[in-house]
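Remarks on the structure that follows.
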Amino acid sequence: MNEYGQVDVGLRRKGLAVTFLSSLLLGSSYVVIKAGLTDLDPFLYSGLAIGIGALVVLTYTLVRGTFSWSIFRRWEAWAAPMLTFVLLACQYTGLKLTTASNGALIIGANVLIVAPLSVLIFHDRLGRMRLVGLAIGMAGLLVLTTNLNLSSLEEGQLLGDALLLVATTCIALTYLLSKLALRHMTFDQWVLTIHLFTPLPLFAMYLLFGNGSGVDPSMVPLIVYAGALCTAIPTLMWVWGLPYIGMIASSTIILSEAIFAVFLAVMILGEPLTWGMMLGAALVFIAIYLVVKGAEAKTF
């Protein structure tokens with residue numbers, strides 16, 4: 001049982017697996033976004049990516065027969081694009097200004113916001129095992145992204161760090177908003193509201209404050225990948241699994257995206273693999289185990 005109610009064990013295990021796979025795709029977004037930001041304006045890049053994601057999700061709902069204009073009568077359907085607009089504008093701009101390690105740490109910290117908000121709003125009980133898991137998970141992220149060299153956190157631009165903090169707060173709020181929205185719509189309808197109208201304010205920001213640069217044809221595959229495999233598909237997977245595993249377990253498992261981000265940076269960008277990365281990865285997986293076992297023991 002979690003804050004969504006009683007859940008079948010088989011469905012909970014499927015939810016855990018799907019959420020973990022979504023974190024793998026989300027982890028690739030760090031490399032993809034950083035690569036694209038060398039040539040693309042952050043507002044234009046994020047608008048194009050979420051626009052492609054919207055087409056993917058819209059197609060999915062049409063094929064499943066779940067598309068309905070009635071979902072836009074709900075206030076959550078209009079809160080979603082506003083929240084996602086702020087999230088993406090801050091995330092893409094922040095990653096352009098600060099380091100990848102800072103980005104991974106700050107974005108991963110959304111679990112620290114989800115947990116207390118879940119307790120306050122939905123009266124969720126963490127339990128001792130899950131509290132330990134959350135603490136170990138954040139320690140793992142700290143080791144993973146800084147190698148215990150805290151001076152590395154000072155190398156990033158303050159503005160970029162602040163923007164990423166706003167982005168991770170938006171992610172935490174999306175967890176809570178999902179709890180309310182999924183009472184009135186299917187998971188794919190909810191994901192559609194997150195995507196469908198979000199490109200509009202991002203394109204407006206590009207026209208008002210962008211650098212005026214266009215899109216080189218060579219960047220199109222990267223944008224398509226960012227929109228489909230780093231945005232739409234992992235979001236569908238994450239929201240599908242959310243009711244089966246709960247907000248806190250989901251946000252803790254999503255911490256593993258930082259591990260994948262680091263390893264992809266090693267493989268693709270040639271960054272060195274350090275002991276801190278390996279130790280941090282081990283700590284995060286221990287945290288995931290404790291949170292999941294805490295759910296099984298009904299400590300939440």
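Labels for the structure tokens follow display order: chains A, B, ..., residues from 1 in each chain, ligands from 1.
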### Neighbour list for Cys90 (chain A) as a PyMOL selection string, cut-off 6 Å, only C-alpha atoms, skip fewer than 5 positions in-chain
chain A and resi 163-164+167
### Query
If we count only C-alpha atoms, what is near Leu180 (chain A) at a cut-off of 8 Å, once residues fewer than 4 positions away on the same chain are taken out, given as JSON, numbers by chain?
{"A": [76, 176, 184]}
#### Entry: 6 Å contact set for region 48-58 of chain A, only C-alpha atoms, chain neighbours under 2 positions out, as a ChimeraX atom specification
/A:45-46,60-61,192,195-196,199,223,226-228,231-232
Using only C-alpha atoms, which protein or nucleic acid residues come within 10 Å of region 29-39 of chain A? Drop anything in the same chain fewer than 5 positions from it, and give the result as a short mmCIF file (atom, residue, chain, number, x, y, z; two decimals) with N, CA and C atoms, in the first residue's frame.
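Okay, part39.cif is ready:
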```cif
data_model
loop_
_atom_site.label_atom_id
_atom_site.label_comp_id
_atom_site.auth_asym_id
_atom_site.auth_seq_id
_atom_site.Cartn_x
_atom_site.Cartn_y
_atom_site.Cartn_z
N SER A 23 14.36 6.04 -15.77
CA SER A 23 15.51 6.77 -15.24
C SER A 23 16.72 6.59 -16.15
N LEU A 24 16.83 5.45 -16.81
CA LEU A 24 17.92 5.22 -17.77
C LEU A 24 17.82 6.20 -18.93
N LEU A 44 14.81 27.78 -27.48
CA LEU A 44 14.45 27.14 -28.73
C LEU A 44 14.62 25.63 -28.62
N TYR A 45 15.73 25.20 -28.05
CA TYR A 45 16.02 23.77 -27.90
C TYR A 45 14.95 23.07 -27.06
N SER A 46 14.64 23.66 -25.91
CA SER A 46 13.65 23.04 -25.03
C SER A 46 12.26 23.06 -25.66
N ALA A 49 12.18 20.34 -28.33
CA ALA A 49 12.20 19.00 -27.73
C ALA A 49 10.83 18.65 -27.13
N GLN A 91 15.86 24.46 -16.46
CA GLN A 91 16.78 23.34 -16.61
C GLN A 91 17.75 23.55 -17.78
N TYR A 92 17.21 23.91 -18.95
CA TYR A 92 18.07 24.07 -20.12
C TYR A 92 19.00 25.28 -19.97
N THR A 93 18.47 26.39 -19.45
CA THR A 93 19.31 27.56 -19.26
C THR A 93 20.35 27.30 -18.17
N LEU A 95 21.67 24.40 -17.26
CA LEU A 95 22.71 23.48 -17.71
C LEU A 95 23.67 24.15 -18.69
N LYS A 96 23.23 25.21 -19.32
CA LYS A 96 24.13 25.96 -20.19
C LYS A 96 25.12 26.78 -19.37
N LEU A 97 24.71 27.19 -18.16
CA LEU A 97 25.53 28.09 -17.36
C LEU A 97 26.41 27.38 -16.34
N THR A 99 27.98 23.49 -14.42
CA THR A 99 28.62 22.23 -14.78
C THR A 99 27.63 21.07 -14.76
N ALA A 100 27.99 19.99 -15.44
CA ALA A 100 27.14 18.81 -15.48
C ALA A 100 27.03 18.18 -14.09
N SER A 101 28.12 18.20 -13.31
CA SER A 101 28.07 17.60 -11.97
C SER A 101 27.11 18.36 -11.07
N GLY A 103 24.54 20.05 -12.11
CA GLY A 103 23.21 19.76 -12.62
C GLY A 103 22.68 18.44 -12.13
N ALA A 104 23.50 17.40 -12.17
CA ALA A 104 23.08 16.09 -11.71
C ALA A 104 22.74 16.09 -10.23
N SER A 213 19.63 32.55 -32.97
CA SER A 213 20.23 31.48 -33.77
C SER A 213 19.16 30.50 -34.23
N GLY A 214 19.37 29.94 -35.40
CA GLY A 214 18.44 28.95 -35.93
C GLY A 214 18.86 27.54 -35.58
N VAL A 215 18.38 26.59 -36.38
CA VAL A 215 18.68 25.18 -36.15
C VAL A 215 19.43 24.63 -37.35
N ASP A 216 20.64 24.20 -37.12
CA ASP A 216 21.41 23.54 -38.18
C ASP A 216 20.82 22.16 -38.43
N MET A 219 21.62 19.15 -36.31
CA MET A 219 21.14 19.07 -34.94
C MET A 219 19.77 18.41 -34.83
N VAL A 220 19.10 18.18 -35.96
CA VAL A 220 17.74 17.63 -35.93
C VAL A 220 17.68 16.27 -35.24
N LEU A 222 19.48 15.07 -32.90
CA LEU A 222 19.66 15.29 -31.46
C LEU A 222 18.38 15.83 -30.83
N ILE A 223 17.72 16.75 -31.52
CA ILE A 223 16.48 17.33 -31.01
C ILE A 223 15.38 16.27 -30.95
N TYR A 225 15.80 13.04 -30.64
CA TYR A 225 16.13 12.14 -29.54
C TYR A 225 15.75 12.77 -28.21
N ALA A 226 16.08 14.05 -28.05
CA ALA A 226 15.76 14.74 -26.79
C ALA A 226 14.26 14.78 -26.57
N GLY A 227 13.48 15.01 -27.63
CA GLY A 227 12.04 15.11 -27.48
C GLY A 227 11.35 13.79 -27.25
N LEU A 229 12.96 10.38 -26.73
CA LEU A 229 13.55 9.41 -25.81
C LEU A 229 14.04 10.01 -24.50
N CYS A 230 14.15 11.33 -24.44
CA CYS A 230 14.54 11.97 -23.18
C CYS A 230 13.38 12.72 -22.52
N THR A 231 12.25 12.82 -23.22
CA THR A 231 11.12 13.59 -22.70
C THR A 231 9.83 12.76 -22.69
N GLU A 257 19.21 8.17 -12.32
CA GLU A 257 19.50 8.82 -13.59
C GLU A 257 20.83 9.53 -13.54
N ALA A 258 21.23 10.00 -12.35
CA ALA A 258 22.53 10.66 -12.22
C ALA A 258 23.67 9.68 -12.49
N PHE A 260 23.53 7.02 -14.51
CA PHE A 260 23.58 6.81 -15.95
C PHE A 260 24.16 8.04 -16.66
N ALA A 261 23.84 9.21 -16.15
CA ALA A 261 24.37 10.43 -16.76
C ALA A 261 25.89 10.45 -16.69
N VAL A 262 26.44 10.08 -15.54
CA VAL A 262 27.89 10.06 -15.38
C VAL A 262 28.53 9.01 -16.27
N LEU A 264 27.37 7.68 -19.02
CA LEU A 264 27.25 8.06 -20.42
C LEU A 264 28.27 9.15 -20.76
N ALA A 265 28.50 10.05 -19.81
CA ALA A 265 29.50 11.09 -20.04
C ALA A 265 30.89 10.47 -20.18
N ILE A 268 30.72 8.62 -23.75
CA ILE A 268 30.52 9.46 -24.94
C ILE A 268 31.45 10.66 -24.96
N LEU A 269 31.61 11.29 -23.80
CA LEU A 269 32.43 12.49 -23.74
C LEU A 269 33.86 12.22 -23.32
#
```
### Task
Determine the nearest neighbour of Asp8 (chain A) from the options A:Gly212, A:Pro243, A:Gly160, A:Ser251, counting only C-alpha atoms.
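Ranking A:Gly212, A:Pro243, A:Gly160, A:Ser251 by distance to Asp8 (chain A), first place goes to A:Pro243.
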#### Entry: Atom pair CA of Thr252 (chain A) / CA of Ile288 (chain A): separation (Å)
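Those two atoms sit 6.3 Å apart.
Note that CA of Phe43 (chain A) and CA of Leu202 (chain A) are 5.5 Å apart.
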### Message
Using only C-alpha atoms, which protein or nucleic acid residues come within 8 Å of region 65-75 of chain A? Drop anything in the same chain fewer than 4 positions from it, and give the result as a list of chain:residue names.
### Response
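Residues near the query, excluding close chain neighbours: A:Leu58, A:Thr61, A:Ala79, A:Met185, A:Thr186, A:Asp188, A:Gln189, A:Thr193.
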#### Entry: Close residues, Arg13 (chain A) itself excluded, 10 Å, only C-alpha atoms, min 6 positions apart in chain, as a count of residues only
5
